[in-house]
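Okay, upload.tsv is below, TSV, C-alpha atoms:
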```
chain	number	residue	atom	x	y	z
A	24	MET	CA	0.39	-31.76	-28.05
A	25	VAL	CA	-1.88	-28.88	-27.08
A	26	TYR	CA	-2.26	-25.60	-28.95
A	27	SER	CA	-4.42	-22.73	-27.78
A	28	ARG	CA	-5.46	-19.52	-29.54
A	29	ARG	CA	-8.15	-16.87	-29.41
A	30	ILE	CA	-10.47	-15.69	-32.15
A	31	GLU	CA	-11.68	-12.12	-31.69
A	32	LEU	CA	-14.62	-10.78	-33.61
A	33	LYS	CA	-17.07	-7.91	-33.63
A	34	THR	CA	-20.64	-8.96	-34.19
A	35	ALA	CA	-23.84	-7.11	-35.05
A	36	GLY	CA	-25.92	-9.15	-32.57
A	37	PHE	CA	-29.58	-9.91	-33.33
A	38	CYS	CA	-28.76	-13.43	-34.53
A	39	ASP	CA	-26.05	-12.47	-36.98
A	40	VAL	CA	-24.17	-15.48	-38.33
A	41	ASN	CA	-20.38	-15.24	-38.59
A	42	ASP	CA	-18.18	-17.68	-40.51
A	43	ILE	CA	-15.15	-18.55	-38.33
A	44	THR	CA	-13.93	-21.49	-40.43
A	45	GLU	CA	-10.88	-19.82	-41.95
A	46	GLU	CA	-9.58	-18.72	-38.56
A	47	LEU	CA	-10.12	-22.20	-37.16
A	48	ARG	CA	-8.33	-23.76	-40.14
A	49	ARG	CA	-5.37	-21.42	-39.65
A	50	ILE	CA	-5.15	-22.27	-35.95
A	51	VAL	CA	-5.26	-26.00	-36.68
A	52	ALA	CA	-2.54	-25.57	-39.34
A	53	GLU	CA	-0.36	-23.55	-36.92
A	54	SER	CA	-0.86	-26.16	-34.18
A	55	GLY	CA	1.04	-28.80	-36.11
A	56	VAL	CA	-1.52	-31.37	-34.92
A	57	THR	CA	-1.98	-34.16	-37.50
A	58	SER	CA	-4.72	-36.04	-35.70
A	59	GLY	CA	-6.76	-34.92	-32.69
A	60	ILE	CA	-9.69	-32.83	-31.54
A	61	ALA	CA	-10.30	-29.08	-31.87
A	62	CYS	CA	-12.67	-27.44	-29.41
A	63	VAL	CA	-13.95	-23.87	-29.79
A	64	ALA	CA	-16.11	-22.00	-27.28
A	65	ASN	CA	-17.51	-18.59	-26.57
A	66	PRO	CA	-17.49	-17.69	-22.88
A	67	GLY	CA	-20.97	-16.24	-22.45
A	68	SER	CA	-24.62	-17.26	-22.45
A	69	THR	CA	-26.09	-15.20	-25.30
A	70	ALA	CA	-24.35	-16.72	-28.33
A	71	GLY	CA	-23.98	-20.08	-30.06
A	72	ILE	CA	-21.67	-22.17	-32.26
A	73	THR	CA	-22.71	-24.79	-34.80
A	74	THR	CA	-22.03	-25.73	-38.43
A	75	LEU	CA	-23.92	-24.60	-41.53
A	76	GLU	CA	-23.48	-24.13	-45.24
A	77	PHE	CA	-22.60	-20.45	-45.12
A	78	GLU	CA	-24.87	-19.11	-47.86
A	79	PRO	CA	-27.62	-16.49	-47.47
A	80	GLY	CA	-30.53	-18.92	-47.87
A	81	ALA	CA	-29.40	-21.45	-45.24
A	82	ILE	CA	-28.42	-18.60	-42.91
A	83	ALA	CA	-31.90	-17.06	-43.18
A	84	ASP	CA	-33.56	-20.47	-42.68
A	85	LEU	CA	-31.64	-20.98	-39.43
A	86	GLN	CA	-32.47	-17.46	-38.25
A	87	ASP	CA	-36.15	-18.07	-39.06
A	88	ALA	CA	-36.16	-21.36	-37.14
A	89	LEU	CA	-34.56	-19.75	-34.08
A	90	GLU	CA	-37.14	-16.97	-34.26
A	91	ARG	CA	-39.86	-19.65	-34.12
A	92	LEU	CA	-38.13	-21.51	-31.24
A	93	ALA	CA	-37.41	-18.39	-29.20
A	94	PRO	CA	-39.10	-15.29	-30.67
A	95	ALA	CA	-37.24	-12.01	-30.13
A	96	LYS	CA	-40.54	-10.35	-29.15
A	97	GLY	CA	-41.63	-13.20	-26.86
A	98	ARG	CA	-42.13	-12.91	-23.11
A	99	TYR	CA	-39.28	-14.33	-21.02
A	100	LYS	CA	-38.95	-14.77	-17.28
A	101	HIS	CA	-35.25	-13.90	-17.55
A	102	ASP	CA	-36.27	-10.39	-18.58
A	103	ALA	CA	-38.31	-10.08	-15.38
A	104	THR	CA	-35.14	-10.90	-13.41
A	105	TRP	CA	-32.70	-8.55	-15.11
A	106	GLY	CA	-34.69	-6.25	-17.34
A	107	ASP	CA	-32.06	-6.43	-20.06
A	108	GLY	CA	-34.56	-7.71	-22.62
A	109	ASN	CA	-32.39	-10.50	-24.02
A	110	GLY	CA	-34.17	-13.53	-22.55
A	111	PHE	CA	-34.60	-14.90	-26.08
A	112	ALA	CA	-30.82	-14.74	-26.55
A	113	HIS	CA	-30.20	-16.80	-23.40
A	114	LEU	CA	-32.73	-19.40	-24.51
A	115	ARG	CA	-31.29	-19.68	-28.02
A	116	SER	CA	-27.80	-20.03	-26.57
A	117	ALA	CA	-28.80	-22.91	-24.27
A	118	LEU	CA	-30.50	-24.69	-27.18
A	119	VAL	CA	-27.76	-24.15	-29.81
A	120	ARG	CA	-24.85	-24.48	-27.33
A	121	THR	CA	-21.75	-22.36	-26.94
A	122	SER	CA	-18.98	-24.84	-27.71
A	123	LEU	CA	-18.18	-27.26	-30.53
A	124	ALA	CA	-15.71	-30.15	-30.78
A	125	VAL	CA	-14.53	-31.23	-34.24
A	126	PRO	CA	-12.05	-34.01	-35.09
A	127	VAL	CA	-8.76	-33.09	-36.75
A	128	HIS	CA	-7.55	-35.59	-39.36
A	129	ASP	CA	-4.67	-35.29	-41.86
A	130	ARG	CA	-3.85	-31.88	-40.36
A	131	ALA	CA	-7.35	-30.54	-41.16
A	132	LEU	CA	-10.71	-30.01	-39.50
A	133	VAL	CA	-13.19	-32.73	-40.47
A	134	LEU	CA	-15.71	-30.54	-42.31
A	135	GLY	CA	-17.49	-30.90	-45.63
A	136	THR	CA	-16.71	-28.69	-48.62
A	137	TRP	CA	-20.01	-26.88	-48.14
A	138	GLN	CA	-19.87	-26.85	-44.35
A	139	GLN	CA	-18.68	-23.93	-42.24
A	140	VAL	CA	-18.28	-23.41	-38.50
A	141	VAL	CA	-20.51	-20.48	-37.58
A	142	PHE	CA	-20.69	-18.22	-34.57
A	143	LEU	CA	-24.17	-16.81	-33.90
A	144	ASP	CA	-24.55	-13.76	-31.73
A	145	PHE	CA	-28.06	-13.81	-30.28
A	146	ASP	CA	-27.66	-10.75	-28.08
A	147	ASN	CA	-29.76	-7.63	-28.63
A	148	ARG	CA	-26.81	-5.35	-29.41
A	149	PRO	CA	-23.43	-5.42	-31.17
A	150	ARG	CA	-20.77	-7.25	-29.15
A	151	LYS	CA	-17.04	-7.86	-29.12
A	152	ARG	CA	-16.43	-11.56	-28.60
A	153	LYS	CA	-13.31	-13.53	-27.71
A	154	LEU	CA	-13.61	-17.20	-28.57
A	155	GLN	CA	-11.13	-19.74	-27.25
A	156	VAL	CA	-9.82	-22.54	-29.43
A	157	VAL	CA	-7.86	-25.51	-28.09
A	158	VAL	CA	-6.40	-28.23	-30.32
A	159	VAL	CA	-5.33	-31.47	-28.62
A	160	GLY	CA	-3.59	-34.30	-30.48
A	161	GLU	CA	-0.32	-35.45	-32.01
B	24	MET	CA	-2.23	-41.35	-27.58
B	25	VAL	CA	-4.34	-40.59	-30.63
B	26	TYR	CA	-6.24	-43.13	-32.71
B	27	SER	CA	-8.19	-42.30	-35.85
B	28	ARG	CA	-10.56	-44.41	-37.94
B	29	ARG	CA	-13.38	-43.99	-40.43
B	30	ILE	CA	-16.89	-45.36	-40.28
B	31	GLU	CA	-18.47	-45.82	-43.71
B	32	LEU	CA	-22.19	-46.30	-44.12
B	33	LYS	CA	-24.91	-46.23	-46.73
B	34	THR	CA	-28.01	-44.42	-45.64
B	35	ALA	CA	-31.56	-44.18	-46.97
B	36	GLY	CA	-31.77	-40.41	-46.37
B	37	PHE	CA	-35.11	-38.80	-45.41
B	38	CYS	CA	-34.19	-38.72	-41.71
B	39	ASP	CA	-33.22	-42.35	-41.37
B	40	VAL	CA	-31.59	-43.12	-38.03
B	41	ASN	CA	-28.50	-45.34	-38.02
B	42	ASP	CA	-26.99	-46.93	-34.91
B	43	ILE	CA	-23.19	-46.50	-35.05
B	44	THR	CA	-22.50	-47.51	-31.45
B	45	GLU	CA	-20.94	-50.91	-32.17
B	46	GLU	CA	-18.48	-49.46	-34.66
B	47	LEU	CA	-17.55	-46.71	-32.21
B	48	ARG	CA	-17.06	-49.26	-29.41
B	49	ARG	CA	-14.81	-51.34	-31.64
B	50	ILE	CA	-12.71	-48.31	-32.56
B	51	VAL	CA	-12.36	-47.29	-28.90
B	52	ALA	CA	-11.33	-50.87	-28.01
B	53	GLU	CA	-8.76	-50.97	-30.85
B	54	SER	CA	-7.37	-47.59	-29.78
B	55	GLY	CA	-6.07	-48.95	-26.50
B	56	VAL	CA	-7.17	-45.72	-24.83
B	57	THR	CA	-8.18	-46.31	-21.19
B	58	SER	CA	-9.30	-42.77	-20.41
B	59	GLY	CA	-9.88	-39.91	-22.82
B	60	ILE	CA	-12.29	-38.37	-25.30
B	61	ALA	CA	-13.77	-39.82	-28.50
B	62	CYS	CA	-15.02	-37.40	-31.14
B	63	VAL	CA	-17.04	-38.48	-34.18
B	64	ALA	CA	-18.13	-36.23	-37.04
B	65	ASN	CA	-19.74	-36.35	-40.43
B	66	PRO	CA	-18.17	-33.92	-42.91
B	67	GLY	CA	-21.27	-32.39	-44.50
B	68	SER	CA	-24.19	-30.12	-43.69
B	69	THR	CA	-27.22	-32.35	-44.27
B	70	ALA	CA	-26.80	-34.94	-41.48
B	71	GLY	CA	-26.59	-35.09	-37.70
B	72	ILE	CA	-25.18	-37.08	-34.79
B	73	THR	CA	-26.70	-37.42	-31.31
B	74	THR	CA	-27.63	-40.14	-28.82
B	75	LEU	CA	-30.93	-41.98	-28.45
B	76	GLU	CA	-32.38	-45.23	-27.15
B	77	PHE	CA	-32.36	-47.07	-30.48
B	78	GLU	CA	-35.85	-48.53	-30.48
B	79	PRO	CA	-38.59	-47.89	-33.07
B	80	GLY	CA	-40.75	-45.71	-30.80
B	81	ALA	CA	-38.03	-43.27	-29.71
B	82	ILE	CA	-36.69	-43.16	-33.29
B	83	ALA	CA	-40.14	-42.21	-34.64
B	84	ASP	CA	-40.61	-39.60	-31.87
B	85	LEU	CA	-37.34	-37.91	-32.83
B	86	GLN	CA	-38.25	-38.00	-36.53
B	87	ASP	CA	-41.67	-36.50	-35.72
B	88	ALA	CA	-40.09	-33.71	-33.66
B	89	LEU	CA	-37.62	-32.85	-36.44
B	90	GLU	CA	-40.51	-32.79	-38.91
B	91	ARG	CA	-42.21	-30.21	-36.66
B	92	LEU	CA	-39.00	-28.15	-36.27
B	93	ALA	CA	-38.10	-28.24	-39.96
B	94	PRO	CA	-40.88	-29.75	-42.10
B	95	ALA	CA	-39.73	-31.61	-45.20
B	96	LYS	CA	-42.43	-29.85	-47.24
B	97	GLY	CA	-41.73	-26.41	-45.77
B	98	ARG	CA	-40.46	-23.41	-47.73
B	99	TYR	CA	-36.74	-22.72	-47.34
B	100	LYS	CA	-34.63	-19.88	-48.64
B	101	HIS	CA	-31.77	-22.31	-49.19
B	102	ASP	CA	-33.85	-23.99	-51.88
B	103	ALA	CA	-34.19	-20.67	-53.67
B	104	THR	CA	-30.37	-20.44	-53.75
B	105	TRP	CA	-29.55	-23.93	-55.02
B	106	GLY	CA	-32.82	-25.53	-56.11
B	107	ASP	CA	-31.79	-28.88	-54.62
B	108	GLY	CA	-34.85	-29.02	-52.38
B	109	ASN	CA	-33.03	-30.07	-49.21
B	110	GLY	CA	-33.24	-26.83	-47.21
B	111	PHE	CA	-34.96	-28.73	-44.41
B	112	ALA	CA	-31.96	-31.08	-44.23
B	113	HIS	CA	-29.53	-28.17	-43.81
B	114	LEU	CA	-31.66	-26.67	-41.07
B	115	ARG	CA	-32.01	-29.95	-39.19
B	116	SER	CA	-28.26	-30.50	-39.43
B	117	ALA	CA	-27.43	-27.08	-37.95
B	118	LEU	CA	-29.87	-27.70	-35.07
B	119	VAL	CA	-28.86	-31.31	-34.29
B	120	ARG	CA	-25.11	-30.79	-35.03
B	121	THR	CA	-22.74	-32.93	-37.03
B	122	SER	CA	-20.20	-33.94	-34.39
B	123	LEU	CA	-20.31	-35.50	-30.94
B	124	ALA	CA	-17.70	-35.79	-28.19
B	125	VAL	CA	-18.06	-38.58	-25.61
B	126	PRO	CA	-15.75	-39.37	-22.68
B	127	VAL	CA	-13.88	-42.69	-22.66
B	128	HIS	CA	-13.53	-44.28	-19.23
B	129	ASP	CA	-12.28	-47.78	-18.28
B	130	ARG	CA	-11.60	-48.45	-21.99
B	131	ALA	CA	-15.26	-47.81	-22.89
B	132	LEU	CA	-17.49	-45.03	-24.20
B	133	VAL	CA	-19.50	-43.40	-21.41
B	134	LEU	CA	-22.99	-44.39	-22.59
B	135	GLY	CA	-26.00	-45.85	-20.82
B	136	THR	CA	-27.18	-49.39	-21.39
B	137	TRP	CA	-30.17	-48.07	-23.32
B	138	GLN	CA	-28.30	-45.28	-25.07
B	139	GLN	CA	-26.89	-45.48	-28.57
B	140	VAL	CA	-24.93	-43.05	-30.74
B	141	VAL	CA	-27.03	-42.39	-33.82
B	142	PHE	CA	-26.26	-40.94	-37.22
B	143	LEU	CA	-29.24	-39.21	-38.86
B	144	ASP	CA	-29.20	-38.62	-42.59
B	145	PHE	CA	-31.53	-35.69	-43.28
B	146	ASP	CA	-30.81	-35.46	-47.01
B	147	ASN	CA	-33.53	-36.06	-49.58
B	148	ARG	CA	-31.86	-39.09	-51.20
B	149	PRO	CA	-29.75	-42.13	-50.23
B	150	ARG	CA	-26.13	-41.22	-49.47
B	151	LYS	CA	-22.79	-42.86	-48.81
B	152	ARG	CA	-21.24	-41.30	-45.73
B	153	LYS	CA	-17.73	-41.41	-44.31
B	154	LEU	CA	-17.61	-40.42	-40.65
B	155	GLN	CA	-14.32	-39.67	-38.93
B	156	VAL	CA	-13.62	-40.87	-35.41
B	157	VAL	CA	-10.67	-39.64	-33.33
B	158	VAL	CA	-9.87	-40.99	-29.86
B	159	VAL	CA	-7.48	-38.94	-27.70
B	160	GLY	CA	-6.26	-40.10	-24.29
B	161	GLU	CA	-3.93	-42.48	-22.51
C	4	MET	CA	-2.23	-35.78	-19.34
C	5	VAL	CA	-5.64	-37.30	-18.66
C	6	TYR	CA	-7.70	-36.88	-15.51
C	7	SER	CA	-11.01	-38.61	-14.88
C	8	ARG	CA	-13.57	-38.12	-12.12
C	9	ARG	CA	-17.23	-38.73	-11.42
C	10	ILE	CA	-19.91	-36.27	-10.37
C	11	GLU	CA	-22.76	-37.86	-8.43
C	12	LEU	CA	-26.04	-36.08	-7.91
C	13	LYS	CA	-29.60	-36.70	-6.88
C	14	THR	CA	-32.16	-35.01	-9.07
C	15	ALA	CA	-35.87	-34.31	-8.77
C	16	GLY	CA	-36.56	-35.26	-12.40
C	17	PHE	CA	-39.32	-33.47	-14.36
C	18	CYS	CA	-36.83	-31.18	-16.09
C	19	ASP	CA	-35.07	-29.95	-12.99
C	20	VAL	CA	-31.95	-27.94	-13.77
C	21	ASN	CA	-28.82	-28.61	-11.70
C	22	ASP	CA	-25.74	-26.39	-11.67
C	23	ILE	CA	-22.62	-28.62	-11.91
C	24	THR	CA	-20.14	-25.82	-12.61
C	25	GLU	CA	-18.42	-25.80	-9.23
C	26	GLU	CA	-17.77	-29.53	-9.32
C	27	LEU	CA	-16.42	-29.25	-12.85
C	28	ARG	CA	-14.17	-26.36	-11.84
C	29	ARG	CA	-12.82	-28.36	-8.91
C	30	ILE	CA	-12.09	-31.37	-11.14
C	31	VAL	CA	-10.28	-29.18	-13.69
C	32	ALA	CA	-8.24	-27.58	-10.88
C	33	GLU	CA	-7.34	-31.01	-9.43
C	34	SER	CA	-6.36	-32.29	-12.88
C	35	GLY	CA	-3.44	-29.91	-13.13
C	36	VAL	CA	-4.27	-29.38	-16.81
C	37	THR	CA	-3.33	-25.87	-17.97
C	38	SER	CA	-4.66	-26.13	-21.50
C	39	GLY	CA	-6.89	-28.81	-22.97
C	40	ILE	CA	-10.45	-30.06	-23.28
C	41	ALA	CA	-12.91	-31.16	-20.56
C	42	CYS	CA	-15.72	-33.50	-21.56
C	43	VAL	CA	-18.65	-34.33	-19.27
C	44	ALA	CA	-21.39	-36.86	-19.99
C	45	ASN	CA	-24.33	-38.57	-18.39
C	46	PRO	CA	-24.66	-42.22	-19.37
C	47	GLY	CA	-28.39	-42.45	-20.10
C	48	SER	CA	-30.99	-41.27	-22.57
C	49	THR	CA	-33.38	-39.25	-20.40
C	50	ALA	CA	-31.18	-36.31	-19.35
C	51	GLY	CA	-29.21	-33.50	-20.94
C	52	ILE	CA	-26.21	-31.19	-20.45
C	53	THR	CA	-25.83	-27.66	-21.78
C	54	THR	CA	-24.87	-24.18	-20.51
C	55	LEU	CA	-27.14	-21.46	-19.14
C	56	GLU	CA	-27.12	-18.45	-16.87
C	57	PHE	CA	-28.24	-20.22	-13.73
C	58	GLU	CA	-30.95	-17.86	-12.52
C	59	PRO	CA	-34.64	-18.68	-11.98
C	60	GLY	CA	-35.89	-16.72	-15.00
C	61	ALA	CA	-33.58	-18.27	-17.60
C	62	ILE	CA	-34.12	-21.72	-16.04
C	63	ALA	CA	-37.91	-21.35	-16.37
C	64	ASP	CA	-37.57	-20.07	-19.95
C	65	LEU	CA	-35.57	-23.16	-20.94
C	66	GLN	CA	-38.06	-25.45	-19.19
C	67	ASP	CA	-40.93	-23.70	-21.00
C	68	ALA	CA	-39.20	-24.08	-24.37
C	69	LEU	CA	-38.57	-27.79	-23.80
C	70	GLU	CA	-42.21	-28.20	-22.82
C	71	ARG	CA	-43.17	-26.66	-26.18
C	72	LEU	CA	-40.67	-28.84	-28.10
C	73	ALA	CA	-41.60	-32.07	-26.33
C	74	PRO	CA	-44.67	-31.67	-24.09
C	75	ALA	CA	-44.73	-33.86	-20.99
C	76	LYS	CA	-48.38	-34.71	-21.71
C	77	GLY	CA	-47.81	-35.36	-25.41
C	78	ARG	CA	-48.27	-38.72	-27.14
C	79	TYR	CA	-45.05	-40.60	-27.85
C	80	LYS	CA	-44.43	-43.82	-29.73
C	81	HIS	CA	-41.71	-44.70	-27.22
C	82	ASP	CA	-44.41	-45.00	-24.56
C	83	ALA	CA	-46.25	-47.53	-26.73
C	84	THR	CA	-43.05	-49.63	-26.78
C	85	TRP	CA	-42.19	-49.60	-23.08
C	86	GLY	CA	-45.17	-48.12	-21.25
C	87	ASP	CA	-42.86	-46.17	-18.92
C	88	GLY	CA	-44.43	-42.85	-19.89
C	89	ASN	CA	-41.16	-40.95	-20.35
C	90	GLY	CA	-41.10	-40.64	-24.15
C	91	PHE	CA	-40.88	-36.86	-23.77
C	92	ALA	CA	-37.72	-37.32	-21.67
C	93	HIS	CA	-36.05	-39.41	-24.39
C	94	LEU	CA	-36.91	-36.84	-27.04
C	95	ARG	CA	-35.63	-33.91	-24.97
C	96	SER	CA	-32.41	-35.80	-24.28
C	97	ALA	CA	-31.75	-36.48	-27.97
C	98	LEU	CA	-32.35	-32.80	-28.79
C	99	VAL	CA	-30.37	-31.26	-25.91
C	100	ARG	CA	-27.60	-33.94	-25.93
C	101	THR	CA	-26.04	-35.82	-23.05
C	102	SER	CA	-22.42	-34.71	-23.29
C	103	LEU	CA	-20.57	-31.41	-23.48
C	104	ALA	CA	-16.98	-30.53	-24.40
C	105	VAL	CA	-15.50	-27.27	-23.10
C	106	PRO	CA	-11.98	-25.91	-23.66
C	107	VAL	CA	-9.67	-25.52	-20.68
C	108	HIS	CA	-7.42	-22.45	-20.81
C	109	ASP	CA	-5.16	-20.96	-18.09
C	110	ARG	CA	-6.17	-23.85	-15.79
C	111	ALA	CA	-9.88	-22.91	-16.05
C	112	LEU	CA	-12.98	-23.90	-18.00
C	113	VAL	CA	-13.76	-21.41	-20.76
C	114	LEU	CA	-17.09	-20.12	-19.44
C	115	GLY	CA	-18.53	-16.64	-19.05
C	116	THR	CA	-19.07	-15.04	-15.65
C	117	TRP	CA	-22.82	-15.51	-16.01
C	118	GLN	CA	-22.61	-18.91	-17.66
C	119	GLN	CA	-23.01	-22.22	-15.85
C	120	VAL	CA	-22.84	-25.85	-16.98
C	121	VAL	CA	-26.23	-27.37	-16.22
C	122	PHE	CA	-27.46	-30.93	-15.95
C	123	LEU	CA	-31.15	-31.36	-16.82
C	124	ASP	CA	-32.98	-34.43	-15.66
C	125	PHE	CA	-35.93	-34.95	-18.00
C	126	ASP	CA	-37.10	-38.23	-16.49
C	127	ASN	CA	-40.50	-38.55	-14.84
C	128	ARG	CA	-39.17	-39.40	-11.39
C	129	PRO	CA	-36.28	-38.52	-9.07
C	130	ARG	CA	-33.00	-40.16	-10.12
C	131	LYS	CA	-29.49	-40.72	-8.86
C	132	ARG	CA	-27.04	-39.82	-11.61
C	133	LYS	CA	-23.34	-40.49	-12.07
C	134	LEU	CA	-21.74	-38.18	-14.60
C	135	GLN	CA	-18.27	-38.86	-15.96
C	136	VAL	CA	-15.78	-36.05	-16.49
C	137	VAL	CA	-12.53	-36.48	-18.44
C	138	VAL	CA	-9.95	-33.71	-18.81
C	139	VAL	CA	-7.31	-34.13	-21.55
C	140	GLY	CA	-4.43	-31.69	-22.03
C	141	GLU	CA	-1.09	-30.59	-20.68
```

Let me see the structure of the file written as structure tokens.
Amino acid sequence: MVYSRRIELKTAGFCDVNDITEELRRIVAESGVTSGIACVANPGSTAGITTLEFEPGAIADLQDALERLAPAKGRYKHDATWGDGNGFAHLRSALVRTSLAVPVHDRALVLGTWQQVVFLDFDNRPRKRKLQVVVVGE
Amino acid sequence: MVYSRRIELKTAGFCDVNDITEELRRIVAESGVTSGIACVANPGSTAGITTLEFEPGAIADLQDALERLAPAKGRYKHDATWGDGNGFAHLRSALVRTSLAVPVHDRALVLGTWQQVVFLDFDNRPRKRKLQVVVVGE
Amino acid sequence: MVYSRRIELKTAGFCDVNDITEELRRIVAESGVTSGIACVANPGSTAGITTLEFEPGAIADLQDALERLAPAKGRYKHDATWGDGNGFAHLRSALVRTSLAVPVHDRALVLGTWQQVVFLDFDNRPRKRKLQVVVVGE
């Protein structure tokens, strides 16, 4: 059994953190899959997907860490190539990754109570994003 | 074909590194799947799963690197929210990730001889953990 | 439906970045899978797989960041164990990860136009690598 759906969202960019857990849960519920794997991805190289307790403190801590790893005001060779000034966003995206696979068990995503799936838009401007979700299982 | 099993383990916390490869191998063998994908996850936002050569030197190097990325004695905004003092654990978990997908080929996980799947408990106390494994394939 | 194929490549080591997107695309096309999940992995603990815009600037930025995270000339406890001098490669591999899952939709990998799947060889010598790809879906 395979079920495929999109999640569309408007982001603010600049490392904003968006909780996409409820949409993922709804898609898994609709899929009818009891046991399997859900995979979500953003097509693009300036964003990332991971999991986090979605509360302001943990969000800010992750943003601070990414700023240390790949400072927004740093110098990037990508910017020399394209001049679009978002080299830091490309670097963050490669480090955080743009897709996530999560097991589905008992018709639900295997996540903790205080754990959300988050979409991070690293780009240096607001963006419209279309994420693809595929659920495979039985 | 979908096969689902739990791995239960007691951890020491404080970035202890646990080798879960043998349990994963056993589950893949039991599943009868010849070719497919295995996905393992910890529900929770203070642990991580990745791969590593499970020997004391490489383990210590990874622990040292995570201590640089997210120092245990650092200041975290998450701690201001909840006061549970494990902000560093949340940050490490978001960076390392809490789930891992590995191909299954010829009835076996695609891993190197010197490569193990490791579960890292970043929390600031011992924990009991229940990981979920799902194997999808034929 | 499950389809499994290898990608073989010769690398230069020392954090060279190899674009494996075309081979992955070909394998997904051959698989006949319309909708599903593709998972690619390198068996071994001194390499990594992620996504990146494959252009010289972004490649150099990622290499620079990995050099900051795990310097090639740093001191590693792994090297004390084995004396093979590639402790930095093991650390980079554990942080970047050795497998990647990407959704397949409309018979294609869900990737952006400027996004490639890259294989990074962190080892301190040229290597021959055999990556395993499994596509699961319908």

Neighbouring residues of Arg28 (chain C) were defined as those with any atom within 10 Å, considering all atoms listed in the file; residues of the same chain fewer than 3 positions away were excluded. Please report them as a ChimeraX atom specification.
/C:23-25,31-34,107,110-112

Please, what distance in Å, to one decimal, runs between CA of Ala88 (chain B) and CA of Ala61 (chain C)?
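That distance, rounded to one decimal, is 23.2 Å.
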
Select, from B:Thr121, B:Glu161, B:Val133, B:Arg98, the residue with the minimum atom-to-atom distance to Ile72 (chain A), counting all atoms listed in the file.
B:Thr121

Contacts of Gly80 (chain B) at 7 Å (only C-alpha atoms; same-chain gap of 2+ positions) as JSON, numbers by chain
{"B": [78, 82, 83, 84], "C": [80, 81, 84]}

Could you give me, as a tab-separated table, every chain C residue with an atom at most 7 Å from chain A, plus its closest atom pair and distance in Å to one decimal, counting all atoms listed in the file, rows ordered by chain then number?
```
residue	atom	partner	partner_atom	distance
C:Ser38	CA	A:Val25	CA	6.8
C:Gly39	CA	A:Val157	CA	6.2
C:Thr53	CA	A:Ala117	CA	6.1
C:Thr54	CA	A:Ala117	CA	5.6
C:Leu55	CA	A:Ala117	CA	5.6
C:Glu56	CA	A:Ser68	CA	6.2
C:Gly60	CA	A:His101	CA	3.9
C:Ala61	CA	A:His101	CA	4.7
C:Ala63	CA	A:Lys100	CA	6.7
C:Asp64	CA	A:Tyr99	CA	6.1
C:Leu65	CA	A:Leu114	CA	5.9
C:Val99	CA	A:Leu118	CA	6.7
C:Ala104	CA	A:Ala124	CA	6.5
C:Val105	CA	A:Ser122	CA	6.3
C:Pro106	CA	A:Cys62	CA	6.0
C:Val113	CA	A:Pro66	CA	5.7
C:Leu114	CA	A:Pro66	CA	4.2
C:Gly115	CA	A:Pro66	CA	4.1
C:Trp117	CA	A:Gly67	CA	6.7
C:Gln118	CA	A:Ser68	CA	5.5
C:Gly140	CA	A:Val25	CA	6.3
C:Glu141	CA	A:Val25	CA	6.7
```

Hey, could you pull the box centre and edge lengths for region 70-80 of chain A, axis-aligned, 6 Å padding per side, all listed atoms, to one decimal in Å, as lines of an AutoDock Vina configuration file?
```
center_x = -26.1
center_y = -21.1
center_z = -38.1
size_x = 20.9
size_y = 21.2
size_z = 31.5
```

Between CA of Val140 (chain A) and CA of Asn41 (chain A), what is the spacing in Å?
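Pair CA of Asn41 (chain A) / CA of Val140 (chain A) returns 8.4 Å.
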
Coordinates-based distance that separates CA of Leu143 (chain A) from CA of Val141 (chain B) (Å, one decimal):
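CA of Val141 (chain B) sits 25.7 Å away from CA of Leu143 (chain A).
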
So, counting all atoms listed in the file, which residue among B:Asn109, B:Pro79, B:Asn147, B:Gly55 is closest to Asp42 (chain B)?
B:Pro79

Model the absent atoms of region 96-103 of chain A so that N, CA and C atoms are present, and write the result as a compact mmCIF listing (two decimals), in the frame of the given file.
```txt
# COMPACT_ATOMS: atom_id res chain seq x y z
N LYS A 96 -39.51 -11.16 -29.81
CA LYS A 96 -40.54 -10.35 -29.15
C LYS A 96 -41.35 -11.15 -28.13
N GLY A 97 -40.91 -12.37 -27.83
CA GLY A 97 -41.63 -13.20 -26.86
C GLY A 97 -41.51 -12.66 -25.44
N ARG A 98 -42.22 -13.29 -24.52
CA ARG A 98 -42.13 -12.91 -23.11
C ARG A 98 -41.24 -13.91 -22.40
N TYR A 99 -40.24 -13.45 -21.68
CA TYR A 99 -39.28 -14.33 -21.02
C TYR A 99 -39.16 -13.97 -19.55
N LYS A 100 -39.08 -15.00 -18.72
CA LYS A 100 -38.95 -14.77 -17.28
C LYS A 100 -37.58 -14.20 -16.93
N HIS A 101 -36.57 -14.50 -17.77
CA HIS A 101 -35.25 -13.90 -17.55
C HIS A 101 -35.34 -12.38 -17.58
N ASP A 102 -36.15 -11.85 -18.46
CA ASP A 102 -36.27 -10.39 -18.58
C ASP A 102 -36.87 -9.79 -17.31
N ALA A 103 -37.76 -10.55 -16.65
CA ALA A 103 -38.31 -10.08 -15.38
C ALA A 103 -37.22 -9.99 -14.32
```
